[in-house]
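> Just entry.txt, nothing more (compact mmCIF, C-alpha atoms (C1' of nucleotides)):
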# COMPACT_ATOMS: atom_id res chain seq x y z
CA MET A 18 0.00 0.00 0.00
CA LEU A 19 2.17 2.80 -1.28
CA LYS A 20 1.05 6.31 -0.47
CA THR A 21 0.85 8.91 -3.17
CA LYS A 22 2.55 12.23 -2.53
CA ASN A 23 -0.93 13.67 -2.30
CA GLN A 24 -1.98 11.35 0.54
CA LYS A 25 1.23 12.02 2.37
CA ARG A 26 0.68 15.76 2.23
CA ILE A 27 -2.91 15.36 3.39
CA GLU A 28 -1.74 13.37 6.38
CA GLU A 29 0.86 15.98 7.22
CA VAL A 30 -1.83 18.64 7.24
CA GLU A 31 -4.12 16.42 9.32
CA ASN A 32 -1.47 15.67 11.91
CA VAL A 33 -0.53 19.28 12.40
CA ALA A 34 -4.13 20.47 12.41
CA CYS A 35 -5.22 17.77 14.85
CA HIS A 36 -2.42 18.65 17.20
CA LEU A 37 -3.18 22.37 17.11
CA PHE A 38 -6.95 21.95 17.33
CA ALA A 39 -6.66 19.56 20.26
CA ASN A 40 -4.21 21.65 22.24
CA ASN A 41 -5.26 25.21 21.44
CA GLY A 42 -8.86 24.76 20.40
CA TYR A 43 -10.49 24.91 16.98
CA HIS A 44 -11.56 28.53 17.04
CA SER A 45 -8.23 29.69 18.39
CA THR A 46 -6.34 27.96 15.62
CA SER A 47 -6.36 29.83 12.33
CA MET A 48 -5.70 28.43 8.89
CA ARG A 49 -2.73 30.80 8.79
CA THR A 50 -1.30 29.14 11.90
CA ILE A 51 -1.68 25.67 10.42
CA ALA A 52 -0.08 26.77 7.17
CA ARG A 53 2.80 28.47 8.93
CA GLU A 54 3.47 25.33 10.99
CA LEU A 55 3.74 23.42 7.71
CA ASN A 56 5.82 26.05 5.91
CA MET A 57 3.05 26.27 3.40
CA ASN A 58 0.85 29.02 2.05
CA GLN A 59 -2.59 29.23 3.60
CA ALA A 60 -4.23 29.09 0.19
CA THR A 61 -2.61 25.73 -0.44
CA LEU A 62 -4.59 24.23 2.42
CA TYR A 63 -7.70 24.75 0.33
CA HIS A 64 -6.26 22.54 -2.34
CA TYR A 65 -6.58 19.62 0.06
CA PHE A 66 -9.58 20.57 2.20
CA SER A 67 -12.53 22.56 0.99
CA SER A 68 -12.95 24.41 4.28
CA LYS A 69 -11.66 24.65 7.81
CA GLU A 70 -14.77 22.92 9.11
CA ASP A 71 -14.30 20.08 6.61
CA LEU A 72 -10.82 19.58 7.99
CA LEU A 73 -12.12 19.39 11.55
CA PHE A 74 -14.90 17.04 10.52
CA LYS A 75 -12.50 14.66 8.79
CA LEU A 76 -10.34 14.50 11.92
CA MET A 77 -13.28 13.82 14.21
CA ASP A 78 -14.88 11.33 11.86
CA ASP A 79 -11.66 9.34 11.56
CA ALA A 80 -11.38 9.26 15.34
CA ILE A 81 -14.87 7.92 15.98
CA GLU A 82 -14.57 5.39 13.15
CA ASN A 83 -11.32 4.20 14.62
CA SER A 84 -12.74 3.77 18.13
CA THR A 85 -15.86 2.08 16.85
CA ASN A 86 -13.92 -0.46 14.82
CA THR A 87 -11.87 -1.43 17.85
CA LEU A 88 -15.02 -1.84 19.91
CA LYS A 89 -16.73 -3.86 17.17
CA ARG A 90 -13.83 -6.27 17.03
CA ILE A 91 -14.03 -6.90 20.76
CA CYS A 92 -17.81 -7.31 20.70
CA ALA A 93 -17.59 -9.83 17.91
CA ALA A 94 -14.97 -11.94 19.65
CA ASP A 95 -16.07 -15.31 20.99
CA ILE A 96 -15.17 -14.77 24.62
CA LEU A 97 -17.01 -14.36 27.93
CA TRP A 98 -18.58 -11.00 28.64
CA GLU A 99 -16.27 -10.57 31.59
CA ASP A 100 -13.32 -10.73 29.26
CA LYS A 101 -14.97 -8.45 26.74
CA LEU A 102 -15.56 -5.92 29.46
CA LYS A 103 -12.02 -6.15 30.63
CA ALA A 104 -10.68 -5.88 27.08
CA VAL A 105 -12.73 -2.85 26.16
CA LEU A 106 -12.07 -0.99 29.40
CA ASN A 107 -8.42 -1.73 29.05
CA SER A 108 -8.07 -0.80 25.41
CA TYR A 109 -10.16 2.32 25.69
CA THR A 110 -8.36 3.60 28.75
CA ARG A 111 -4.99 2.95 27.16
CA TYR A 112 -6.11 4.41 23.87
CA PHE A 113 -7.44 7.58 25.39
CA ALA A 114 -4.96 8.29 28.15
CA GLY A 115 -2.23 7.56 25.64
CA TYR A 116 -3.14 10.83 23.97
CA LYS A 117 -5.22 10.27 20.93
CA GLU A 118 -5.74 13.83 19.93
CA GLY A 119 -8.61 12.99 17.64
CA GLU A 120 -10.55 11.80 20.67
CA ILE A 121 -9.86 15.10 22.37
CA LEU A 122 -11.52 16.79 19.42
CA LEU A 123 -14.55 14.54 19.75
CA LEU A 124 -14.72 15.57 23.38
CA ASN A 125 -14.17 19.30 22.97
CA GLU A 126 -15.19 20.46 19.54
CA MET A 127 -18.54 18.89 18.80
CA ASN A 128 -20.17 22.30 19.14
CA SER A 129 -17.75 23.81 16.67
CA LEU A 130 -19.38 21.89 13.85
CA SER A 131 -22.47 23.21 12.11
CA GLU A 132 -25.59 21.22 11.76
CA PRO A 133 -25.42 18.57 9.11
CA LYS A 134 -21.96 17.49 10.18
CA ARG A 135 -22.57 17.55 13.91
CA GLU A 136 -25.60 15.29 13.65
CA ILE A 137 -23.61 12.74 11.68
CA LEU A 138 -20.99 12.45 14.39
CA ILE A 139 -23.51 12.43 17.23
CA LYS A 140 -25.23 9.49 15.56
CA LYS A 141 -21.92 7.66 15.32
CA GLN A 142 -21.21 8.35 18.97
CA ARG A 143 -24.62 7.03 19.94
CA HIS A 144 -23.89 3.90 17.95
CA PHE A 145 -20.62 3.52 19.86
CA VAL A 146 -22.48 3.74 23.16
CA GLU A 147 -25.05 1.19 21.98
CA LEU A 148 -22.25 -1.23 21.12
CA PHE A 149 -20.83 -0.70 24.58
CA LYS A 150 -24.21 -1.43 26.08
CA THR A 151 -24.52 -4.79 24.36
CA ILE A 152 -21.68 -6.03 26.53
CA LEU A 153 -23.41 -4.90 29.69
CA ASN A 154 -26.61 -6.52 28.47
CA ASP A 155 -24.81 -9.83 28.14
CA ALA A 156 -23.69 -9.29 31.70
CA SER A 157 -27.22 -8.52 32.80
CA ALA A 158 -28.51 -11.68 31.14
CA ASP A 159 -25.95 -13.45 33.27
CA HIS A 160 -27.81 -12.13 36.33
CA LYS A 161 -24.75 -10.55 37.80
CA LEU A 162 -25.24 -6.88 37.04
CA GLU A 163 -28.92 -6.35 37.63
CA GLN A 164 -28.69 -3.71 40.29
CA ILE A 165 -26.58 -1.38 38.15
CA HIS A 166 -27.95 1.34 35.94
CA THR A 167 -26.12 0.66 32.69
CA THR A 168 -26.37 4.16 31.27
CA VAL A 169 -24.92 5.69 34.39
CA ALA A 170 -22.27 3.00 34.45
CA ILE A 171 -21.15 3.64 30.90
CA PHE A 172 -20.98 7.39 31.22
CA ALA A 173 -19.27 7.17 34.56
CA PHE A 174 -16.58 5.15 32.86
CA PHE A 175 -16.35 7.50 29.88
CA GLY A 176 -16.10 10.39 32.28
CA MET A 177 -13.21 8.85 34.18
CA VAL A 178 -11.36 8.01 31.00
CA HIS A 179 -11.99 11.22 29.10
CA TYR A 180 -10.91 13.32 32.03
CA THR A 181 -7.49 11.72 31.96
CA VAL A 182 -6.51 14.12 29.18
CA LYS A 183 -6.73 16.91 31.73
CA TRP A 184 -4.46 15.48 34.37
CA TYR A 185 -2.83 12.21 33.45
CA ASN A 186 0.83 12.06 32.50
CA LYS A 187 1.79 8.74 30.98
CA ASP A 188 5.40 9.24 32.07
CA GLY A 189 4.38 9.81 35.71
CA GLU A 190 4.25 7.39 38.60
CA VAL A 191 1.25 5.47 37.32
CA ASN A 192 1.77 3.84 33.96
CA LEU A 193 -0.91 3.08 31.42
CA GLU A 194 -1.31 -0.56 32.40
CA GLU A 195 -1.86 0.35 36.03
CA LEU A 196 -4.30 3.10 35.18
CA ALA A 197 -6.36 0.84 32.98
CA ALA A 198 -6.38 -1.72 35.76
CA MET A 199 -7.50 0.85 38.32
CA PHE A 200 -10.37 2.00 36.13
CA SER A 201 -11.60 -1.47 35.38
CA LYS A 202 -10.74 -3.62 38.37
CA ASN A 203 -13.31 -5.07 40.69
CA PRO A 204 -13.86 -2.98 43.77
CA GLY A 205 -12.44 -4.54 46.88
CA PRO A 206 -13.63 -4.60 50.48
CA GLU A 207 -15.65 -1.89 52.16
CA GLY A 208 -13.91 1.33 52.93
CA GLN A 209 -12.78 1.94 49.39
CA ALA A 210 -15.76 4.16 48.92
CA LEU A 211 -14.75 7.33 47.12
CA GLY A 212 -15.16 7.63 43.39
CA CYS A 213 -14.54 3.94 42.95
CA PRO A 214 -11.23 4.07 41.13
CA MET B 2 -27.70 43.71 51.52
CA LEU B 3 -29.50 45.79 48.96
CA LYS B 4 -28.17 45.69 45.46
CA THR B 5 -27.43 48.87 43.62
CA LYS B 6 -28.80 49.17 40.11
CA ASN B 7 -25.22 48.89 38.97
CA GLN B 8 -24.72 45.51 40.64
CA LYS B 9 -28.00 44.26 39.28
CA ARG B 10 -27.00 45.15 35.75
CA ILE B 11 -23.62 43.50 36.21
CA GLU B 12 -25.30 40.31 37.33
CA GLU B 13 -27.65 40.40 34.38
CA VAL B 14 -24.68 40.62 32.05
CA GLU B 15 -22.88 37.86 33.92
CA ASN B 16 -25.85 35.52 33.80
CA VAL B 17 -26.39 35.96 30.09
CA ALA B 18 -22.68 35.77 29.27
CA CYS B 19 -22.19 32.68 31.44
CA HIS B 20 -25.09 30.94 29.78
CA LEU B 21 -23.88 31.75 26.27
CA PHE B 22 -20.23 30.96 26.97
CA ALA B 23 -21.10 27.65 28.59
CA ASN B 24 -23.47 26.52 25.87
CA ASN B 25 -21.91 27.92 22.71
CA GLY B 26 -18.31 28.39 23.74
CA TYR B 27 -16.33 31.51 24.53
CA HIS B 28 -14.84 32.12 21.10
CA SER B 29 -18.14 31.50 19.34
CA THR B 30 -19.94 34.03 21.49
CA SER B 31 -19.37 37.62 20.46
CA MET B 32 -19.85 40.72 22.55
CA ARG B 33 -22.50 41.70 20.02
CA THR B 34 -24.44 38.51 20.74
CA ILE B 35 -24.31 39.12 24.48
CA ALA B 36 -25.45 42.71 24.03
CA ARG B 37 -28.29 41.73 21.71
CA GLU B 38 -29.52 39.11 24.19
CA LEU B 39 -29.68 41.90 26.79
CA ASN B 40 -31.25 44.48 24.45
CA MET B 41 -28.22 46.63 25.07
CA ASN B 42 -25.60 48.27 22.93
CA GLN B 43 -22.32 46.39 22.67
CA ALA B 44 -20.37 49.45 23.75
CA THR B 45 -22.31 49.55 27.02
CA LEU B 46 -20.82 46.22 28.02
CA TYR B 47 -17.47 47.96 28.30
CA HIS B 48 -18.92 50.25 30.93
CA TYR B 49 -19.18 47.22 33.21
CA PHE B 50 -16.32 45.00 32.07
CA SER B 51 -13.05 46.24 30.71
CA SER B 52 -12.70 43.40 28.21
CA LYS B 53 -14.30 40.18 27.03
CA GLU B 54 -11.56 38.17 28.69
CA ASP B 55 -12.11 40.00 31.97
CA LEU B 56 -15.74 39.01 31.81
CA LEU B 57 -14.85 35.36 31.28
CA PHE B 58 -12.28 35.48 34.05
CA LYS B 59 -14.76 36.93 36.55
CA LEU B 60 -17.23 34.15 35.77
CA MET B 61 -14.64 31.42 36.17
CA ASP B 62 -13.13 32.95 39.26
CA ASP B 63 -16.52 33.21 40.95
CA ALA B 64 -17.19 29.57 40.14
CA ILE B 65 -13.95 28.23 41.63
CA GLU B 66 -14.28 30.45 44.69
CA ASN B 67 -17.80 29.18 45.20
CA SER B 68 -16.80 25.52 44.94
CA THR B 69 -13.79 25.99 47.17
CA ASN B 70 -15.82 27.64 49.91
CA THR B 71 -18.27 24.77 49.96
CA LEU B 72 -15.43 22.29 50.17
CA LYS B 73 -13.71 24.29 52.93
CA ARG B 74 -16.85 24.26 55.03
CA ILE B 75 -17.10 20.49 54.78
CA CYS B 76 -13.42 19.98 55.55
CA ALA B 77 -13.66 22.17 58.64
CA ALA B 78 -16.69 20.37 60.02
CA ASP B 79 -16.15 18.20 63.07
CA ILE B 80 -17.33 14.91 61.62
CA LEU B 81 -15.81 11.58 60.66
CA TRP B 82 -13.89 11.43 57.40
CA GLU B 83 -16.41 8.94 56.08
CA ASP B 84 -19.13 11.53 56.48
CA LYS B 85 -16.97 14.27 55.00
CA LEU B 86 -16.34 12.11 51.99
CA LYS B 87 -20.00 11.37 51.60
CA ALA B 88 -20.92 15.02 52.01
CA VAL B 89 -18.45 16.31 49.48
CA LEU B 90 -19.20 13.67 46.88
CA ASN B 91 -22.87 14.30 47.31
CA SER B 92 -22.73 18.05 47.22
CA TYR B 93 -20.32 18.20 44.33
CA THR B 94 -22.26 15.77 42.22
CA ARG B 95 -25.50 17.57 42.89
CA TYR B 96 -23.87 20.92 42.34
CA PHE B 97 -22.33 19.97 39.05
CA ALA B 98 -24.98 17.79 37.50
CA GLY B 99 -27.52 20.40 38.52
CA TYR B 100 -26.02 22.59 35.83
CA LYS B 101 -23.72 25.14 37.27
CA GLU B 102 -22.67 26.84 34.11
CA GLY B 103 -19.69 28.51 35.73
CA GLU B 104 -18.23 25.07 36.37
CA ILE B 105 -18.69 24.23 32.72
CA LEU B 106 -16.56 27.24 31.92
CA LEU B 107 -13.85 26.05 34.30
CA LEU B 108 -13.94 22.75 32.49
CA ASN B 109 -14.01 24.03 28.91
CA GLU B 110 -12.49 27.47 28.67
CA MET B 111 -9.30 27.42 30.68
CA ASN B 112 -7.31 27.63 27.45
CA SER B 113 -9.27 30.67 26.33
CA LEU B 114 -7.60 32.78 28.99
CA SER B 115 -4.23 34.35 28.41
CA GLU B 116 -1.34 33.83 30.69
CA PRO B 117 -1.54 35.86 33.88
CA LYS B 118 -5.21 35.02 34.35
CA ARG B 119 -4.99 31.35 33.50
CA GLU B 120 -2.24 30.72 36.01
CA ILE B 121 -4.31 32.34 38.77
CA LEU B 122 -7.22 29.99 38.17
CA ILE B 123 -5.03 26.93 37.78
CA LYS B 124 -3.51 27.66 41.17
CA LYS B 125 -6.97 27.91 42.70
CA GLN B 126 -7.96 24.63 41.12
CA ARG B 127 -4.86 22.98 42.49
CA HIS B 128 -5.77 24.32 45.90
CA PHE B 129 -9.22 22.81 45.51
CA VAL B 130 -7.70 19.42 44.72
CA GLU B 131 -5.37 19.69 47.72
CA LEU B 132 -8.32 20.34 50.00
CA PHE B 133 -10.01 17.31 48.54
CA LYS B 134 -6.90 15.26 49.23
CA THR B 135 -6.85 16.16 52.94
CA ILE B 136 -10.02 14.15 53.35
CA LEU B 137 -8.48 11.11 51.70
CA ASN B 138 -5.39 11.56 53.85
CA ASP B 139 -7.54 11.39 56.97
CA ALA B 140 -8.93 8.20 55.52
CA SER B 141 -5.46 6.85 54.86
CA ALA B 142 -4.43 7.64 58.43
CA ASP B 143 -7.38 5.51 59.42
CA HIS B 144 -5.68 2.60 57.62
CA LYS B 145 -8.67 1.90 55.46
CA LEU B 146 -7.67 3.36 52.14
CA GLU B 147 -4.02 2.47 51.82
CA GLN B 148 -4.22 0.49 48.64
CA ILE B 149 -5.81 3.32 46.69
CA HIS B 150 -3.92 5.89 44.67
CA THR B 151 -5.50 9.11 45.89
CA THR B 152 -4.67 11.20 42.85
CA VAL B 153 -6.22 8.68 40.52
CA ALA B 154 -9.18 8.39 42.86
CA ILE B 155 -9.85 12.11 42.93
CA PHE B 156 -9.59 12.63 39.21
CA ALA B 157 -11.64 9.55 38.51
CA PHE B 158 -14.37 11.10 40.58
CA PHE B 159 -14.01 14.51 38.95
CA GLY B 160 -14.14 12.82 35.58
CA MET B 161 -17.37 11.02 36.37
CA VAL B 162 -19.00 14.15 37.71
CA HIS B 163 -17.78 16.60 35.09
CA TYR B 164 -18.88 14.35 32.29
CA THR B 165 -22.46 14.49 33.50
CA VAL B 166 -22.85 17.82 31.71
CA LYS B 167 -22.53 15.93 28.44
CA TRP B 168 -25.20 13.34 29.00
CA TYR B 169 -27.14 13.73 32.21
CA ASN B 170 -30.68 15.07 32.19
CA LYS B 171 -31.92 15.92 35.66
CA ASP B 172 -35.51 15.43 34.54
CA GLY B 173 -34.78 11.92 33.28
CA GLU B 174 -35.23 8.59 34.98
CA VAL B 175 -32.39 9.04 37.44
CA ASN B 176 -32.78 12.03 39.72
CA LEU B 177 -29.99 13.98 41.31
CA GLU B 178 -30.14 12.19 44.67
CA GLU B 179 -29.85 8.82 43.01
CA LEU B 180 -27.02 9.92 40.78
CA ALA B 181 -25.03 11.31 43.69
CA ALA B 182 -25.62 8.06 45.54
CA MET B 183 -24.44 6.01 42.59
CA PHE B 184 -21.26 8.02 42.26
CA SER B 185 -20.40 7.84 45.92
CA LYS B 186 -21.80 4.59 47.22
CA ASN B 187 -19.63 1.72 48.36
CA PRO B 188 -19.13 -0.87 45.72
CA GLY B 189 -21.01 -4.06 46.43
CA PRO B 190 -20.12 -7.71 45.85
CA GLU B 191 -17.93 -8.99 43.05
CA GLY B 192 -19.37 -8.87 39.56
CA GLN B 193 -20.12 -5.18 39.64
CA ALA B 194 -16.85 -4.60 37.90
CA LEU B 195 -17.31 -2.07 35.12
CA GLY B 196 -16.49 1.56 35.65
CA CYS B 197 -17.51 1.32 39.30
CA PRO B 198 -20.53 3.59 39.27
C1' DT C 19 -24.14 70.45 37.71
C1' DA C 20 -21.67 66.23 37.90
C1' DT C 21 -21.69 61.62 37.35
C1' DT C 22 -23.49 57.47 35.42
C1' DA C 23 -25.55 54.92 31.71
C1' DT C 24 -26.41 54.42 27.14
C1' DC C 25 -25.84 54.73 22.17
C1' DA C 26 -24.48 54.98 16.94
C1' DA C 27 -20.60 54.89 14.46
C1' DA C 28 -16.25 53.79 13.43
C1' DC C 29 -11.61 51.53 14.25
C1' DA C 30 -7.86 48.31 13.32
C1' DA C 31 -6.96 43.59 13.39
C1' DA C 32 -7.90 38.90 12.41
C1' DC C 33 -10.55 35.68 10.30
C1' DG C 34 -11.95 32.12 6.46
C1' DT C 35 -11.86 32.15 1.83
C1' DT C 36 -11.14 33.39 -3.27
C1' DT C 37 -8.63 34.92 -7.14
C1' DG C 38 -5.33 34.70 -10.62
C1' DA C 39 -0.89 33.71 -11.71
C1' DT C 40 3.27 30.72 -11.53
C1' DT C 41 5.70 26.49 -11.03
C1' DG C 42 6.80 21.30 -11.46
C1' DA C 43 6.30 17.13 -13.16
C1' DA C 44 4.15 14.13 -15.65
C1' DT C 45 1.85 12.58 -20.36
C1' DA C 46 0.91 13.01 -25.31
C1' DA C 47 2.18 14.61 -30.00
C1' DC C 48 5.26 15.36 -33.23
C1' DG D 25 14.18 13.21 -28.36
C1' DT D 26 12.26 17.26 -28.37
C1' DT D 27 8.20 19.93 -27.90
C1' DA D 28 3.49 20.86 -26.49
C1' DT D 29 -0.30 19.95 -23.23
C1' DT D 30 -2.14 19.05 -19.02
C1' DC D 31 -2.90 19.12 -14.36
C1' DA D 32 -1.61 19.14 -9.61
C1' DA D 33 0.80 22.09 -6.31
C1' DT D 34 2.02 26.32 -4.70
C1' DC D 35 2.05 31.27 -3.90
C1' DA D 36 1.17 36.49 -3.03
C1' DA D 37 -2.38 39.38 -2.73
C1' DA D 38 -6.71 40.68 -1.87
C1' DC D 39 -11.76 39.98 -0.62
C1' DG D 40 -15.67 40.65 2.39
C1' DT D 41 -16.91 39.64 7.26
C1' DT D 42 -16.62 39.53 11.84
C1' DT D 43 -14.15 40.39 15.76
C1' DG D 44 -13.00 43.10 20.21
C1' DT D 45 -12.62 47.65 21.28
C1' DT D 46 -12.70 52.94 21.20
C1' DT D 47 -14.54 57.37 20.37
C1' DG D 48 -17.44 61.09 21.12
C1' DA D 49 -21.82 62.43 21.84
C1' DT D 50 -26.39 62.13 24.09
C1' DA D 51 -29.77 60.93 27.73
C1' DA D 52 -30.81 59.88 32.52
C1' DT D 53 -30.04 60.29 37.21
C1' DA D 54 -28.44 62.25 41.45
Using structure tokens, write down the structure that the file contains.

Amino acid sequence: MLKTKNQKRIEEVENVACHLFANNGYHSTSMRTIARELNMNQATLYHYFSSKEDLLFKLMDDAIENSTNTLKRICAADILWEDKLKAVLNSYTRYFAGYKEGEILLLNEMNSLSEPKREILIKKQRHFVELFKTILNDASADHKLEQIHTTVAIFAFFGMVHYTVKWYNKDGEVNLEELAAMFSKNPGPEGQALGCP
Amino acid sequence: MLKTKNQKRIEEVENVACHLFANNGYHSTSMRTIARELNMNQATLYHYFSSKEDLLFKLMDDAIENSTNTLKRICAADILWEDKLKAVLNSYTRYFAGYKEGEILLLNEMNSLSEPKREILIKKQRHFVELFKTILNDASADHKLEQIHTTVAIFAFFGMVHYTVKWYNKDGEVNLEELAAMFSKNPGPEGQALGCP
DNA sequence: TATTATCAAACAAACGTTTGATTGAATAAC
DNA sequence: GTTATTCAATCAAACGTTTGTTTGATAATA
């Protein structure tokens, strides 16, 4: 699969734009800034992307497609739901805390998109959540998770994981494996109340 | 404590600006939009706030001061750490999920501030986290929480709570009391693995 | 009268985007 | 093998808007 020069250039633009959008925000990042970072004229950007919003959309769409495919693969695997749960919590935590900037865009910039595009991504996100729920439903059918509100459970998990981008440093004292374990491990004896990490 | 007409007007501006900033984003909300919403000329806004950024800063600063004061009161109370923990988790969850738009700004718009101001708020947020940690330290001294990484625990909780603004509907099937209970209750028997809600 | 509150109008700067021209490297014609 | 054609890639310059902000004047209030 050899990349054309065109595709390479597109990816260069995407990488730089994704980095800037994720770290400085979409509205605070101008096309001039992106072009300057690439040593390229701003007009040239419009040879590859028809608008700034199109560029953002492509980045966000790639990110959600990527996450969804990973989740699909786990759901389709022929393993126990316990292992599916463990796999998805683990992979998602690692994926996210490991700094996928596209996911940061999905988290921060949904409101920066105008209407036809935003609705498309929201639908894809809802689909992602539904996939996630199928695992918990398997668990429920196993009569082991009845007393838990699955919607709250899912979003509590997403919240914990998404927030890592605001504080977690993968080179700090807790590595990615440990973090994923903390987010997904079974709670122990009483007294470990707090946010259930 | 009678409010001058001046103070009243300032609060009107703050309420409208906070609502617009929180829901549409700081950069996407122009001074013209704020003025129009108030049936007021845009220039008049500068009679009350010296700049748009000053307006944002005041909103965010009020929010963090407010949260910190609540937390201080709980920390200073003469009760067991278990009850402190329960109180703070409960109040914070209720506070946040109940739609405090200033907190949304603290979550979303920190990068919209330029340097002297941002550092001030970041320091205050760090102070807030330190206060939170004192409770967990009391718990640790009680030899009941040793095996938990307190930093991870705190941010896991913040993550769960902050994320509620993206999905939680207080008029839905889970009310605020229940949600706060779910976020702060002791985990039960094995099998309730998942994100520990 | 002095101070506060409001306004219409304009300002310079920054924005996303378009235009029109110029290059480079292929492909086709001779 | 040279020349002509084509098309993708790039650029400087400018476009029309929108932005945050200022000015200078007017109305209201005290």
> So, with all atoms listed in the file as the atoms that count, which of A:Arg49, A:Leu62, A:Lys25, A:Arg143 lies closest to chain D?
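For chain D, the nearest of the given residues is A:Leu62.
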> Chain A residues within 9 Å of chain C, counting only C-alpha atoms (C1' of nucleotides): which ones, as a list in words?
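Using only C-alpha atoms (C1' of nucleotides), chain A residues at most 9 Å from chain C: Ser47, Met48, Ala60, Tyr63, Ser68 and Lys69 of chain A.
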> Pull out every residue of chain D sitting within 9 Å of chain A, counting only C-alpha atoms (C1' of nucleotides), and send them as a ChimeraX atom specification.
/D:33-35
> Between atom CA of B:Ile65 and atom CA of A:Thr181, measure the distance and give it in Å to one decimal.
20.2 Å
> What is the atom CA of A:Lys134 to atom CA of A:Glu28 distance in Å?
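So the two atoms, atom CA of A:Lys134 and atom CA of A:Glu28, lie 21.0 Å apart.
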> Residues around (-29.2, 10.2, 42.4), cut-off 12 Å, counting only C-alpha atoms (C1' of nucleotides) - what are they as a PyMOL selection string?
(chain A and resi 166+169) or (chain B and resi 90-92+94-96+98-99+162+165+169-186+198)
> With distances taken over all atoms listed in the file, which residue among B:Ser68, B:Asn25, B:Lys59, B:Leu39 lies nearest chain A?
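Of the candidates, the smallest distance to chain A is held by B:Asn25.
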> Could you check how far atom CA of A:Tyr43 sits from atom CA of B:Ala36, in Å to one decimal?
24.3 Å
> Please work out which residues fall within 7 Å of (-19.9, 23.3, 40.6), coordinates as given in the file, with only C-alpha atoms (C1' of nucleotides) counting, and return them as an MDAnalysis selection string.
chainID B and resid 64 68 93 96:97 101 104
> Given only C-alpha atoms as the basis, pick out the residue of B:Ile105, B:Cys19, B:Ile136, B:Leu86 nearest to chain A.
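The closest residue to chain A is B:Leu86.
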> A:Phe174, A:Phe74, A:Trp184, A:Tyr65: which is nearest chain B, counting only C-alpha atoms?
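Comparing A:Phe174, A:Phe74, A:Trp184, A:Tyr65 against chain B, the winner is A:Phe174.
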> For stretch 22-24 of chain B, list every protein, DNA or RNA residue within 7 Å, evaluated using all atoms listed in the file, and leave out those in the same chain fewer than 5 positions away; present the list as a PDB file with C-alpha atoms, keeping the file's coordinate frame.

ATOM      1  CA  THR B  30     -19.940  34.030  21.490  1.00  0.00           C
ATOM      2  CA  GLU B 102     -22.670  26.840  34.110  1.00  0.00           C
ATOM      3  CA  ILE B 105     -18.690  24.230  32.720  1.00  0.00           C
ATOM      4  CA  LEU B 106     -16.560  27.240  31.920  1.00  0.00           C
TER       5      LEU B 106
END
> Quick one: 6 Å padding each side, axis-aligned, all listed atoms of stretch 132-144 of chain A - centre and edge lengths in Å to one decimal, as JSON?

{"center_x": -23.3, "center_y": 12.6, "center_z": 14.5, "size_x": 16.6, "size_y": 29.3, "size_z": 22.8}
> With distances taken over only C-alpha atoms, which residue among A:Trp98, A:Phe145, A:Tyr180, A:Phe66 lies nearest chain B?
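Using only C-alpha atoms, the shortest distance to chain B belongs to A:Tyr180.
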